[in-house]
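Text of the file entry24.tsv, holding TSV, C-alpha atoms and all ligand atoms:
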chain	number	residue	atom	x	y	z
A	1	MET	CA	-29.69	205.37	19.18
A	2	THR	CA	-26.44	206.46	20.77
A	3	ASN	CA	-26.02	209.58	22.89
A	4	SER	CA	-23.32	211.40	24.79
A	5	ARG	CA	-23.79	209.11	27.81
A	6	ASP	CA	-22.85	206.14	25.67
A	7	LEU	CA	-19.66	204.26	26.24
A	8	TYR	CA	-19.45	202.60	22.83
A	9	PHE	CA	-17.22	199.52	22.98
A	10	ASP	CA	-18.66	197.52	20.10
A	11	HIS	CA	-16.55	198.67	17.15
A	12	ASN	CA	-16.19	195.13	15.79
A	13	ALA	CA	-19.97	195.17	15.21
A	14	THR	CA	-19.92	198.52	13.47
A	15	THR	CA	-18.24	201.91	13.63
A	16	GLY	CA	-19.87	205.31	13.52
A	17	PRO	CA	-18.92	207.47	10.54
A	18	THR	CA	-16.28	210.08	11.31
A	19	GLN	CA	-17.25	213.77	11.51
A	20	GLU	CA	-15.45	214.28	8.22
A	21	VAL	CA	-17.53	211.56	6.52
A	22	LEU	CA	-20.73	213.11	7.91
A	23	ALA	CA	-19.72	216.56	6.70
A	24	PHE	CA	-18.75	215.16	3.30
A	25	CYS	CA	-22.13	213.40	2.95
A	26	GLN	CA	-24.03	216.62	2.29
A	27	GLN	CA	-21.62	217.47	-0.50
A	28	LEU	CA	-21.78	213.93	-1.87
A	29	LEU	CA	-25.56	213.89	-1.89
A	30	ALA	CA	-25.52	216.90	-4.16
A	31	SER	CA	-23.63	214.75	-6.65
A	32	TRP	CA	-26.65	212.54	-7.31
A	33	GLY	CA	-26.19	211.85	-11.02
A	34	ASN	CA	-25.74	208.38	-12.44
A	35	PRO	CA	-21.99	207.69	-12.77
A	36	SER	CA	-22.70	205.89	-16.06
A	37	SER	CA	-24.30	208.99	-17.64
A	38	VAL	CA	-22.14	210.58	-20.27
A	39	HIS	CA	-23.56	214.07	-19.65
A	40	ALA	CA	-22.37	216.53	-17.01
A	41	SER	CA	-24.48	215.13	-14.12
A	42	GLY	CA	-22.66	211.82	-14.34
A	43	ARG	CA	-19.18	213.30	-14.30
A	44	GLY	CA	-19.08	214.30	-10.62
A	45	PRO	CA	-20.15	210.88	-9.29
A	46	LYS	CA	-17.83	209.13	-11.75
A	47	VAL	CA	-14.88	211.13	-10.41
A	48	LEU	CA	-15.91	210.39	-6.82
A	49	ILE	CA	-15.89	206.65	-7.51
A	50	ARG	CA	-12.60	206.87	-9.37
A	51	ASP	CA	-10.98	208.75	-6.47
A	52	ALA	CA	-12.33	206.25	-3.93
A	53	ARG	CA	-10.93	203.39	-5.99
A	54	LEU	CA	-7.52	205.08	-6.10
A	55	HIS	CA	-7.40	205.69	-2.34
A	56	ILE	CA	-8.44	202.12	-1.53
A	57	ALA	CA	-5.97	200.66	-4.03
A	58	GLN	CA	-3.18	202.70	-2.44
A	59	LEU	CA	-4.17	201.59	1.06
A	60	LEU	CA	-4.26	197.89	0.14
A	61	ASN	CA	-1.26	198.05	-2.23
A	62	ILE	CA	-3.16	196.78	-5.26
A	63	SER	CA	-4.19	198.05	-8.67
A	64	PRO	CA	-7.45	200.09	-8.84
A	65	LEU	CA	-8.57	197.66	-11.55
A	66	GLU	CA	-8.50	194.82	-9.02
A	67	ILE	CA	-11.30	196.37	-6.95
A	68	ILE	CA	-14.99	195.53	-7.24
A	69	PHE	CA	-17.26	197.69	-5.11
A	70	THR	CA	-19.95	195.70	-3.29
A	71	ALA	CA	-22.53	196.40	-0.59
A	72	GLY	CA	-20.40	194.99	2.25
A	73	GLY	CA	-18.52	192.06	3.69
A	74	SER	CA	-21.24	189.45	3.24
A	75	GLU	CA	-21.65	190.25	-0.44
A	76	SER	CA	-17.90	190.19	-1.04
A	77	ASN	CA	-17.52	186.82	0.70
A	78	ASN	CA	-20.46	185.28	-1.15
A	79	THR	CA	-19.27	186.64	-4.48
A	80	VAL	CA	-15.85	185.04	-4.09
A	81	LEU	CA	-16.98	181.63	-2.96
A	82	LYS	CA	-19.79	181.28	-5.48
A	83	GLY	CA	-18.24	183.32	-8.30
A	84	ALA	CA	-14.91	181.47	-8.20
A	85	TRP	CA	-16.70	178.11	-8.09
A	86	LEU	CA	-18.92	178.97	-11.08
A	87	ALA	CA	-16.12	180.41	-13.24
A	88	PRO	CA	-15.27	178.29	-16.31
A	89	GLY	CA	-12.24	176.01	-16.20
A	90	ARG	CA	-12.49	174.70	-12.64
A	91	THR	CA	-11.36	171.08	-12.32
A	92	ARG	CA	-11.14	170.68	-8.52
A	93	ASP	CA	-14.04	170.33	-6.07
A	94	ARG	CA	-12.78	170.61	-2.48
A	95	ILE	CA	-12.93	173.79	-0.39
A	96	LEU	CA	-11.12	174.44	2.89
A	97	ILE	CA	-12.44	177.08	5.27
A	98	GLY	CA	-11.50	178.17	8.79
A	99	THR	CA	-13.65	176.87	11.65
A	100	THR	CA	-13.85	180.39	13.07
A	101	GLU	CA	-15.00	182.11	9.85
A	102	HIS	CA	-17.90	184.54	9.73
A	103	PRO	CA	-21.25	182.98	8.71
A	104	ALA	CA	-21.02	184.83	5.38
A	105	VAL	CA	-18.17	182.45	4.46
A	106	ILE	CA	-19.47	179.36	6.25
A	107	LYS	CA	-22.99	179.52	4.83
A	108	ALA	CA	-21.80	180.38	1.33
A	109	ALA	CA	-19.50	177.32	1.41
A	110	GLU	CA	-22.28	175.13	2.78
A	111	SER	CA	-24.59	176.26	-0.02
A	112	LEU	CA	-21.96	175.14	-2.55
A	113	VAL	CA	-21.97	171.73	-0.89
A	114	LYS	CA	-25.75	171.51	-0.83
A	115	LEU	CA	-26.50	172.88	-4.30
A	116	LEU	CA	-23.43	172.27	-6.42
A	117	GLY	CA	-21.69	169.20	-5.01
A	118	ALA	CA	-18.63	170.89	-3.47
A	119	ARG	CA	-16.72	168.99	-0.78
A	120	LEU	CA	-15.88	170.97	2.32
A	121	ASP	CA	-13.20	170.56	4.99
A	122	TRP	CA	-12.56	172.72	8.03
A	123	ILE	CA	-9.24	174.22	9.09
A	124	PRO	CA	-9.07	173.70	12.87
A	125	VAL	CA	-7.82	176.11	15.51
A	126	ASN	CA	-6.36	175.29	18.91
A	127	ARG	CA	-7.68	176.52	22.28
A	128	GLY	CA	-5.60	179.66	21.95
A	129	GLY	CA	-7.53	180.36	18.75
A	130	GLN	CA	-4.62	179.90	16.36
A	131	VAL	CA	-4.51	177.81	13.19
A	132	ASP	CA	-2.33	174.73	13.43
A	133	LEU	CA	-0.24	175.12	10.27
A	134	ALA	CA	0.85	171.46	10.20
A	135	LYS	CA	-2.76	170.26	10.35
A	136	TYR	CA	-3.72	172.81	7.71
A	137	ALA	CA	-0.93	171.65	5.41
A	138	SER	CA	-2.09	168.05	5.79
A	139	LEU	CA	-5.56	169.05	4.52
A	140	LEU	CA	-4.19	170.52	1.30
A	141	GLY	CA	-4.16	168.24	-1.71
A	142	PRO	CA	-4.50	168.15	-5.51
A	143	ASP	CA	-8.30	168.27	-5.21
A	144	VAL	CA	-8.41	171.56	-3.22
A	145	PHE	CA	-9.88	174.35	-5.29
A	146	LEU	CA	-10.13	177.21	-2.82
A	147	VAL	CA	-9.00	178.04	0.72
A	148	SER	CA	-10.83	180.74	2.69
A	149	GLN	CA	-9.20	181.92	5.91
A	150	MET	CA	-10.02	185.24	7.58
A	151	MET	CA	-7.29	187.76	8.44
A	152	ALA	CA	-8.59	188.46	11.92
A	153	ASN	CA	-11.45	187.13	13.98
A	154	ASN	CA	-14.42	189.34	14.81
A	155	GLU	CA	-15.00	187.83	18.26
A	156	THR	CA	-11.54	187.20	19.68
A	157	GLY	CA	-9.41	189.47	17.50
A	158	SER	CA	-7.02	186.55	16.73
A	159	ILE	CA	-4.82	187.36	13.73
A	160	TYR	CA	-4.20	184.37	11.47
A	161	PRO	CA	-1.04	183.57	9.44
A	162	VAL	CA	-2.70	184.36	6.12
A	163	GLY	CA	0.54	184.98	4.19
A	164	LYS	CA	1.99	181.58	5.16
A	165	MET	CA	-1.32	179.82	4.54
A	166	CYS	CA	-1.66	181.42	1.13
A	167	LYS	CA	1.83	180.28	0.17
A	168	LEU	CA	1.00	176.70	1.14
A	169	ALA	CA	-2.31	176.84	-0.76
A	170	HIS	CA	-0.59	178.13	-3.90
A	171	ALA	CA	2.05	175.40	-3.65
A	172	ALA	CA	-0.83	172.90	-3.72
A	173	GLY	CA	-2.36	174.65	-6.74
A	174	ALA	CA	-5.31	176.12	-4.82
A	175	LEU	CA	-6.74	179.63	-4.89
A	176	PHE	CA	-6.77	181.66	-1.67
A	177	HIS	CA	-9.39	184.06	-0.28
A	178	THR	CA	-9.19	186.06	2.92
A	179	ASP	CA	-11.98	187.87	4.75
A	180	GLY	CA	-10.24	191.07	5.84
A	181	VAL	CA	-13.36	192.78	7.19
A	182	GLN	CA	-12.07	193.01	10.78
A	183	ALA	CA	-8.49	193.80	9.83
A	184	LEU	CA	-9.17	196.92	7.76
A	185	GLY	CA	-8.27	200.05	9.71
A	186	LYS	CA	-6.97	198.08	12.70
A	187	ILE	CA	-3.73	196.62	11.33
A	188	PRO	CA	-1.82	197.34	8.11
A	189	VAL	CA	-3.09	195.24	5.19
A	190	ASP	CA	-0.74	194.77	2.23
A	191	LEU	CA	-2.46	192.47	-0.25
A	192	LYS	CA	0.50	192.41	-2.60
A	193	ALA	CA	2.76	191.10	0.16
A	194	LEU	CA	0.15	188.55	1.25
A	195	ASN	CA	-0.26	187.49	-2.39
A	196	VAL	CA	-3.87	186.36	-1.88
A	197	ASP	CA	-6.18	185.90	-4.89
A	198	TYR	CA	-9.28	187.42	-3.31
A	199	ALA	CA	-10.02	189.59	-0.25
A	200	SER	CA	-13.20	191.03	1.28
A	201	PHE	CA	-13.74	194.29	3.20
A	202	ALA	CA	-16.67	196.33	4.56
A	203	GLY	CA	-16.88	200.11	4.90
A	204	HIS	CA	-19.00	200.15	8.04
A	205	LYS	CA	-16.23	198.51	10.09
A	206	PHE	CA	-13.93	201.33	9.01
A	207	TYR	CA	-15.86	204.50	9.96
A	208	ALA	CA	-17.45	204.76	6.51
A	209	LEU	CA	-21.12	204.35	5.60
A	210	LYS	CA	-23.04	201.10	5.58
A	211	GLY	CA	-23.70	199.70	2.13
A	212	SER	CA	-20.07	199.94	1.02
A	213	GLY	CA	-17.79	196.99	0.54
A	214	VAL	CA	-14.72	196.00	-1.42
A	215	LEU	CA	-13.89	192.79	-3.14
A	216	PHE	CA	-10.29	192.45	-4.26
A	217	VAL	CA	-9.83	190.07	-7.19
A	218	LYS	CA	-6.20	189.61	-8.25
A	219	LYS	CA	-5.62	190.17	-11.94
A	220	GLY	CA	-6.32	186.88	-13.72
A	221	ALA	CA	-8.12	185.18	-10.80
A	222	PRO	CA	-11.29	183.43	-12.00
A	223	LEU	CA	-14.63	184.99	-11.08
A	224	GLU	CA	-18.08	184.58	-12.59
A	225	PRO	CA	-20.25	187.63	-11.82
A	226	LEU	CA	-23.24	186.94	-9.58
A	227	ILE	CA	-25.15	190.07	-10.57
A	228	HIS	CA	-25.58	190.44	-14.30
A	229	GLY	CA	-26.85	193.58	-15.96
A	230	GLY	CA	-25.10	196.83	-16.86
A	231	GLY	CA	-21.37	197.09	-17.33
A	232	GLN	CA	-20.55	198.64	-13.94
A	233	GLU	CA	-17.41	197.40	-12.19
A	234	ARG	CA	-16.13	196.27	-15.59
A	235	GLY	CA	-19.02	193.84	-15.96
A	236	ARG	CA	-18.24	192.04	-12.71
A	237	ARG	CA	-21.03	193.51	-10.53
A	238	ALA	CA	-23.93	195.15	-12.31
A	239	GLY	CA	-26.06	197.91	-10.82
A	240	THR	CA	-25.86	201.66	-10.39
A	241	GLU	CA	-23.21	202.33	-7.80
A	242	ASN	CA	-23.87	203.48	-4.22
A	243	VAL	CA	-21.81	206.62	-4.80
A	244	LEU	CA	-22.29	208.04	-1.31
A	245	ALA	CA	-21.19	204.89	0.50
A	246	ILE	CA	-18.31	204.17	-1.88
A	247	SER	CA	-16.99	207.72	-1.55
A	248	SER	CA	-17.17	207.58	2.23
A	249	LEU	CA	-15.01	204.45	2.15
A	250	GLY	CA	-12.55	206.15	-0.20
A	251	LEU	CA	-12.38	209.11	2.14
A	252	GLN	CA	-11.61	206.87	5.10
A	253	ALA	CA	-8.97	205.03	3.10
A	254	SER	CA	-7.24	208.36	2.50
A	255	HIS	CA	-7.09	208.82	6.31
A	256	ALA	CA	-5.84	205.35	7.15
A	257	ALA	CA	-2.42	206.70	8.07
A	258	GLU	CA	-4.03	208.57	10.99
A	259	ILE	CA	-6.31	205.70	12.08
A	260	ILE	CA	-4.13	202.56	11.94
A	261	PRO	CA	-1.29	203.86	14.19
A	262	GLN	CA	-3.89	204.32	16.98
A	263	GLY	CA	-3.60	200.55	17.42
A	264	GLU	CA	-0.54	200.84	19.67
A	265	ARG	CA	-2.38	203.19	22.05
A	266	LEU	CA	-5.49	200.99	22.01
A	267	ALA	CA	-3.54	197.79	22.75
A	268	LYS	CA	-2.06	199.49	25.81
A	269	LEU	CA	-5.49	200.63	27.02
A	270	ARG	CA	-6.91	197.17	26.39
A	271	ASP	CA	-4.10	195.39	28.24
A	272	GLU	CA	-4.44	197.75	31.21
A	273	LEU	CA	-8.19	197.16	31.33
A	274	GLU	CA	-7.73	193.38	31.24
A	275	GLN	CA	-5.10	193.54	34.03
A	276	ARG	CA	-7.36	195.74	36.13
A	277	LEU	CA	-10.37	193.45	35.75
A	278	MET	CA	-8.40	190.27	36.40
A	279	GLY	CA	-6.64	191.85	39.40
A	280	THR	CA	-9.77	193.32	40.98
A	281	LEU	CA	-12.39	190.69	40.19
A	282	GLY	CA	-10.42	187.46	39.64
A	283	ASN	CA	-11.73	184.42	37.78
A	284	ILE	CA	-11.49	186.08	34.40
A	285	GLN	CA	-9.71	184.60	31.38
A	286	VAL	CA	-8.71	186.42	28.22
A	287	THR	CA	-9.72	184.36	25.17
A	288	GLY	CA	-6.92	184.19	22.62
A	289	GLY	CA	-4.74	186.37	24.85
A	290	GLU	CA	-1.62	184.30	24.08
A	291	VAL	CA	-1.80	184.67	20.31
A	292	LEU	CA	-1.35	187.70	18.10
A	293	ARG	CA	-4.60	189.68	18.15
A	294	LEU	CA	-6.16	192.91	16.97
A	295	PRO	CA	-5.12	195.79	19.21
A	296	ASN	CA	-8.69	196.93	19.87
A	297	THR	CA	-10.32	193.62	20.84
A	298	SER	CA	-10.72	191.92	24.19
A	299	ASN	CA	-12.74	188.76	24.63
A	300	LEU	CA	-13.20	187.77	28.25
A	301	ILE	CA	-14.64	184.72	29.95
A	302	ILE	CA	-16.09	185.98	33.19
A	303	ASN	CA	-16.72	182.99	35.43
A	304	GLY	CA	-19.98	182.93	37.33
A	305	VAL	CA	-21.74	185.45	35.10
A	306	ASP	CA	-24.01	184.89	32.13
A	307	GLY	CA	-22.75	187.00	29.21
A	308	GLU	CA	-26.22	188.02	28.05
A	309	VAL	CA	-27.33	189.09	31.52
A	310	LEU	CA	-24.12	191.07	31.92
A	311	LEU	CA	-24.57	192.72	28.53
A	312	MET	CA	-28.09	193.88	29.41
A	313	ASN	CA	-26.97	195.22	32.78
A	314	LEU	CA	-24.08	197.07	31.16
A	315	ASP	CA	-26.43	198.48	28.54
A	316	MET	CA	-28.56	200.00	31.31
A	317	GLU	CA	-25.41	201.72	32.57
A	318	GLY	CA	-24.71	203.17	29.11
A	319	ALA	CA	-21.91	200.72	28.21
A	320	ARG	CA	-22.36	199.08	24.81
A	321	VAL	CA	-20.47	195.81	24.44
A	322	SER	CA	-21.14	192.48	22.82
A	323	THR	CA	-21.29	188.85	23.78
A	324	GLY	CA	-20.46	185.59	22.11
A	325	ALA	CA	-23.47	183.99	23.76
A	326	ALA	CA	-26.16	184.86	21.26
A	327	CYS	CA	-25.99	184.32	17.54
A	328	SER	CA	-27.29	186.94	15.14
A	329	SER	CA	-30.69	185.25	14.91
A	330	GLY	CA	-31.19	185.98	18.60
A	331	ALA	CA	-31.09	182.28	19.54
A	332	GLN	CA	-29.34	181.53	22.82
A	333	GLU	CA	-26.62	179.41	21.27
A	334	PRO	CA	-23.08	179.98	22.50
A	335	SER	CA	-20.66	181.37	19.95
A	336	PRO	CA	-19.54	178.78	17.35
A	337	VAL	CA	-16.17	180.60	17.25
A	338	LEU	CA	-15.53	180.00	20.94
A	339	ARG	CA	-16.86	176.44	20.70
A	340	ALA	CA	-14.51	175.79	17.74
A	341	MET	CA	-11.64	176.89	19.98
A	342	GLY	CA	-12.62	174.14	22.42
A	343	LEU	CA	-14.29	176.27	25.08
A	344	ASN	CA	-17.14	174.47	26.82
A	345	HIS	CA	-20.77	175.61	26.74
A	346	LEU	CA	-20.57	177.37	30.10
A	347	GLU	CA	-17.35	179.21	29.24
A	348	ALA	CA	-18.76	180.37	25.91
A	349	GLN	CA	-21.94	181.45	27.68
A	350	SER	CA	-19.87	183.64	30.01
A	351	SER	CA	-18.04	185.55	27.31
A	352	LEU	CA	-17.97	189.26	26.71
A	353	ARG	CA	-16.41	191.14	23.79
A	354	ILE	CA	-15.08	194.64	24.26
A	355	SER	CA	-13.93	196.34	21.06
A	356	MET	CA	-12.46	199.84	20.98
A	357	GLY	CA	-12.30	202.36	18.17
A	358	TRP	CA	-9.64	204.77	17.03
A	359	GLU	CA	-11.34	207.61	18.95
A	360	THR	CA	-11.73	205.67	22.24
A	361	THR	CA	-10.16	207.62	25.11
A	362	SER	CA	-8.42	206.46	28.28
A	363	GLU	CA	-11.20	208.18	30.30
A	364	GLU	CA	-13.82	206.06	28.56
A	365	VAL	CA	-11.84	202.87	29.23
A	366	GLU	CA	-11.46	203.89	32.89
A	367	LYS	CA	-15.23	204.48	33.14
A	368	LEU	CA	-16.00	201.17	31.45
A	369	GLY	CA	-13.67	199.46	33.94
A	370	ASP	CA	-15.54	201.06	36.89
A	371	ILE	CA	-18.91	199.94	35.48
A	372	LEU	CA	-17.66	196.41	34.75
A	373	ILE	CA	-16.22	195.98	38.24
A	374	ALA	CA	-19.41	197.21	39.92
A	375	THR	CA	-21.77	195.23	37.66
A	376	ILE	CA	-19.85	191.94	37.65
A	377	GLY	CA	-19.37	192.20	41.42
A	378	ARG	CA	-23.12	192.73	41.88
A	379	LEU	CA	-24.11	189.85	39.58
A	380	ARG	CA	-21.67	187.47	41.20
A	381	ALA	CA	-22.93	188.43	44.67
A	382	LEU	CA	-26.51	187.80	43.51
A	383	GLN	CA	-25.52	184.36	42.25
A	384	VAL	CA	-23.93	183.49	45.60
A	385	GLY	CA	-27.04	184.83	47.35
A	386	ASN	CA	-29.33	182.73	45.16
A	387	ALA	CA	-27.21	179.61	45.61
A	388	THR	CA	-27.24	180.05	49.42
A	389	ALA	CA	-31.00	180.66	49.40
A	390	SER	CA	-31.70	177.54	47.36
A	391	ALA	CA	-29.35	175.45	49.53
A	392	GLU	CA	-31.21	176.69	52.64
A	393	ALA	CA	-34.52	175.90	50.95
A	394	VAL	CA	-33.35	172.35	50.41
A	395	VAL	CA	-32.25	171.77	54.04
A	396	ALA	CA	-35.19	173.59	55.60
A	397	PRO	CA	-37.61	171.19	57.37
A	401	LIG	C1	-15.20	188.95	9.75
A	401	LIG	C2	-16.47	189.44	9.15
A	401	LIG	N1	-16.77	189.11	7.89
A	401	LIG	C3	-17.91	189.52	7.30
A	401	LIG	C4	-18.81	190.31	7.97
A	401	LIG	C5	-20.07	190.73	7.27
A	401	LIG	O1	-19.94	192.06	6.86
A	401	LIG	P1	-21.23	192.93	6.48
A	401	LIG	O2	-22.00	193.14	7.72
A	401	LIG	O3	-20.65	194.19	5.92
A	401	LIG	O4	-22.00	192.18	5.45
A	401	LIG	C6	-18.54	190.68	9.29
A	401	LIG	C7	-19.50	191.48	10.06
A	401	LIG	O5	-19.63	191.38	11.25
A	401	LIG	C8	-17.34	190.24	9.89
A	401	LIG	O6	-17.03	190.56	11.15
Taking this structure as input, can you express it in the form of structure tokens?
Amino acid sequence: MTNSRDLYFDHNATTGPTQEVLAFCQQLLASWGNPSSVHASGRGPKVLIRDARLHIAQLLNISPLEIIFTAGGSESNNTVLKGAWLAPGRTRDRILIGTTEHPAVIKAAESLVKLLGARLDWIPVNRGGQVDLAKYASLLGPDVFLVSQMMANNETGSIYPVGKMCKLAHAAGALFHTDGVQALGKIPVDLKALNVDYASFAGHKFYALKGSGVLFVKKGAPLEPLIHGGGQERGRRAGTENVLAISSLGLQASHAAEIIPQGERLAKLRDELEQRLMGTLGNIQVTGGEVLRLPNTSNLIINGVDGEVLLMNLDMEGARVSTGAACSSGAQEPSPVLRAMGLNHLEAQSSLRISMGWETTSEEVEKLGDILIATIGRLRALQVGNATASAEAVVAP
């Protein structure tokens, strides 16, 4: 539960719905009919879904017919990997995916290997977090069926050269999917210019309601539906639509022109915060700081501090951030993303992710900076104290 004391800096995990979305919800709930009904109760919801589709198509520069509404990013990613594989006519059997992909891509690809005999290769990144295009090109071959490379990374914010990678994949005769979940609302996304075959998005990372997602499927790209049933989404994803969530995403898409330009302001706030922390505390590295990254995201390695301990201490101070130290299952495994970038166990264990939102103010960033400086200083001093105490214990007679 968040309250006014909260300093919410975890927008890459999820975003709160805007006031406008919340106000709109009441109105949307009144439109509770089934969009497939031909009588009057179905007409309102049908129009809401149509309008949402139009706004999203405009935002992404695609045709409304190329959109399949899903329940979120994980469903969109799974639908592409499995649905493209299962579609009739496939002759190739190798898949390439980024080493820093979200588990919804990694595990879907691994299930294709385990259950359906796919062969899988990984597109490496360097320590800066960027894809090595020459190495990527060397992995492409006449047996590659699909490449999946995210637009931007959820942990470091690194932005990948998706347009160039897609061009290379197409030249090798492969299909191309991009997970755009973290890019939506943070940087402009023009799917026509990128020329990808498939793209995934989630409403809850874009100030809309949870339970809304978008899967872009370029006209003519192969896709076997995973959910069979009614004819919703032109037979490509059966089930009565989540009208409320879909409409909230459409509403946000219609406001993208106000949200996306905030990136410039956020990047400045982020850079100032990083400079302040590095200058005041020292021994802090910015992960992926040298490569192009999302304007709202800062991933720091704070030497001498355990990320999880820091997170809990910050939480007690009202500052909500995230760490790459724990995976979603709660296991204390350092982030596979940071490990894939070549960071060692200790570095990955000392990482902290700060992610801002379009409404984040400079006062909030200033306050977060004060809390971080005080808390990290205290934890580091404790560590020194403990180390001295244990050294004395060893030498004591
Ligand atoms: C890059 C990326 N892809 C996919 C997902 C999964 O999205 P969802 O939670 O909507 O299923 C996330 C969520 O964190 C993400 O960051």
- Item | Who sits within 12 Å of A:Ala134, all atoms listed in the file, same chain under 6 positions skipped, as a VMD selection string | chain A and resid 123 to 126 140 164 to 165 168
Report as a CSV table (one decimal) with C-alpha atoms, in the coordinates of the input all protein, DNA and RNA residues lying within 10 Å of A:Glu155, evaluated on all atoms listed in the file, omitting residues in the same chain fewer than 2 positions from it.
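The result, written out as result_28.csv:
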chain,number,residue,atom,x,y,z
A,12,ASN,CA,-16.2,195.1,15.8
A,13,ALA,CA,-20.0,195.2,15.2
A,100,THR,CA,-13.8,180.4,13.1
A,102,HIS,CA,-17.9,184.5,9.7
A,152,ALA,CA,-8.6,188.5,11.9
A,153,ASN,CA,-11.4,187.1,14.0
A,157,GLY,CA,-9.4,189.5,17.5
A,158,SER,CA,-7.0,186.6,16.7
A,182,GLN,CA,-12.1,193.0,10.8
A,287,THR,CA,-9.7,184.4,25.2
A,288,GLY,CA,-6.9,184.2,22.6
A,297,THR,CA,-10.3,193.6,20.8
A,298,SER,CA,-10.7,191.9,24.2
A,299,ASN,CA,-12.7,188.8,24.6
A,322,SER,CA,-21.1,192.5,22.8
A,323,THR,CA,-21.3,188.8,23.8
A,324,GLY,CA,-20.5,185.6,22.1
A,335,SER,CA,-20.7,181.4,20.0
A,337,VAL,CA,-16.2,180.6,17.2
A,338,LEU,CA,-15.5,180.0,20.9
A,351,SER,CA,-18.0,185.6,27.3
A,352,LEU,CA,-18.0,189.3,26.7
A,353,ARG,CA,-16.4,191.1,23.8
A,354,ILE,CA,-15.1,194.6,24.3
A,355,SER,CA,-13.9,196.3,21.1
- Mind checking which residues fall within 12 Å of A:Leu175, counting only C-alpha atoms, ignoring those fewer than 3 positions away in the same chain, and posting them as a ChimeraX atom specification? /A:80-81,84-85,90,92-97,140,142-149,165-172,178,195-199,217-218,220-223
Report the closest atom pair, with its distance in Å rounded to one decimal, for each residue of chain A that has an atom no farther than 8 Å from ligand LIG 401 (chain A); count only C-alpha atoms and all ligand atoms, sort by chain and then rising residue number, and write it as a tab-separated table.
residue	atom	partner	partner_atom	distance
A:Asn12	CA	A:LIG401	O6	6.6
A:Ala13	CA	A:LIG401	O5	5.5
A:Thr14	CA	A:LIG401	O5	7.5
A:Ala71	CA	A:LIG401	O3	7.1
A:Gly72	CA	A:LIG401	O3	3.8
A:Gly73	CA	A:LIG401	O1	3.5
A:Ser74	CA	A:LIG401	O4	3.6
A:Glu75	CA	A:LIG401	O4	6.2
A:Ser76	CA	A:LIG401	O4	7.9
A:Asn77	CA	A:LIG401	C3	7.1
A:Glu101	CA	A:LIG401	C1	6.8
A:His102	CA	A:LIG401	N1	5.1
A:Pro103	CA	A:LIG401	C3	7.5
A:Ala104	CA	A:LIG401	C3	5.9
A:Val105	CA	A:LIG401	N1	7.6
A:Met150	CA	A:LIG401	C1	6.7
A:Ala152	CA	A:LIG401	C1	7.0
A:Asn153	CA	A:LIG401	C1	5.9
A:Asn154	CA	A:LIG401	O6	4.7
A:Glu155	CA	A:LIG401	O6	7.9
A:Asp179	CA	A:LIG401	N1	5.9
A:Gly180	CA	A:LIG401	C1	6.7
A:Val181	CA	A:LIG401	C1	5.0
A:Gln182	CA	A:LIG401	C1	5.2
A:Ser200	CA	A:LIG401	N1	7.8
A:Phe201	CA	A:LIG401	O3	7.4
A:Ala202	CA	A:LIG401	O3	4.7
A:Gly203	CA	A:LIG401	O3	7.1
A:His204	CA	A:LIG401	O3	6.5
A:Lys205	CA	A:LIG401	O3	7.5
A:Lys210	CA	A:LIG401	O3	7.3
A:Gly211	CA	A:LIG401	O3	7.4
A:Ser212	CA	A:LIG401	O3	7.6
A:Gly213	CA	A:LIG401	O3	6.7
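Taking all atoms listed in the file into account, A:Ser254 lies nearest to A:Gln58 out of the set A:Thr15, A:Asn386, A:Thr156, A:Gln58.
As for atom CA of A:Arg380 and atom CA of A:Leu277, they are spaced 13.9 Å apart.
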- Work out how far apart atom CA of A:Glu290 and atom CA of A:Gly369 are and give it in Å to one decimal. 21.7 Å
- Item | A:Phe24 surroundings by only C-alpha atoms, 9 Å radius, close-in-sequence under 5 positions cut, as a PyMOL selection string | chain A and resi 19+29+248+251
- Query: Expressed in Å to a single decimal, how great is the separation between atom CA of A:Thr91 and atom CA of A:Phe176?
  - Reply: 15.7 Å
Reconstructed stretch 377-383 of chain A, atom set N, CA and C atoms, as an mmCIF file, in the frame of the given file:
data_model
loop_
_atom_site.group_PDB
_atom_site.id
_atom_site.type_symbol
_atom_site.label_atom_id
_atom_site.label_comp_id
_atom_site.auth_asym_id
_atom_site.auth_seq_id
_atom_site.Cartn_x
_atom_site.Cartn_y
_atom_site.Cartn_z
ATOM 1 N N GLY A 377 -19.366 192.453 39.973
ATOM 2 C CA GLY A 377 -19.370 192.200 41.420
ATOM 3 C C GLY A 377 -20.799 191.973 41.907
ATOM 4 N N ARG A 378 -21.713 192.827 41.452
ATOM 5 C CA ARG A 378 -23.120 192.730 41.880
ATOM 6 C C ARG A 378 -23.743 191.419 41.388
ATOM 7 N N LEU A 379 -23.506 191.073 40.131
ATOM 8 C CA LEU A 379 -24.110 189.850 39.580
ATOM 9 C C LEU A 379 -23.547 188.605 40.244
ATOM 10 N N ARG A 380 -22.258 188.633 40.526
ATOM 11 C CA ARG A 380 -21.670 187.470 41.200
ATOM 12 C C ARG A 380 -22.232 187.331 42.618
ATOM 13 N N ALA A 381 -22.397 188.469 43.301
ATOM 14 C CA ALA A 381 -22.930 188.430 44.670
ATOM 15 C C ALA A 381 -24.364 187.882 44.645
ATOM 16 N N LEU A 382 -25.122 188.291 43.648
ATOM 17 C CA LEU A 382 -26.510 187.800 43.510
ATOM 18 C C LEU A 382 -26.541 186.293 43.333
ATOM 19 N N GLN A 383 -25.605 185.807 42.510
ATOM 20 C CA GLN A 383 -25.520 184.360 42.250
ATOM 21 C C GLN A 383 -25.245 183.610 43.530
#
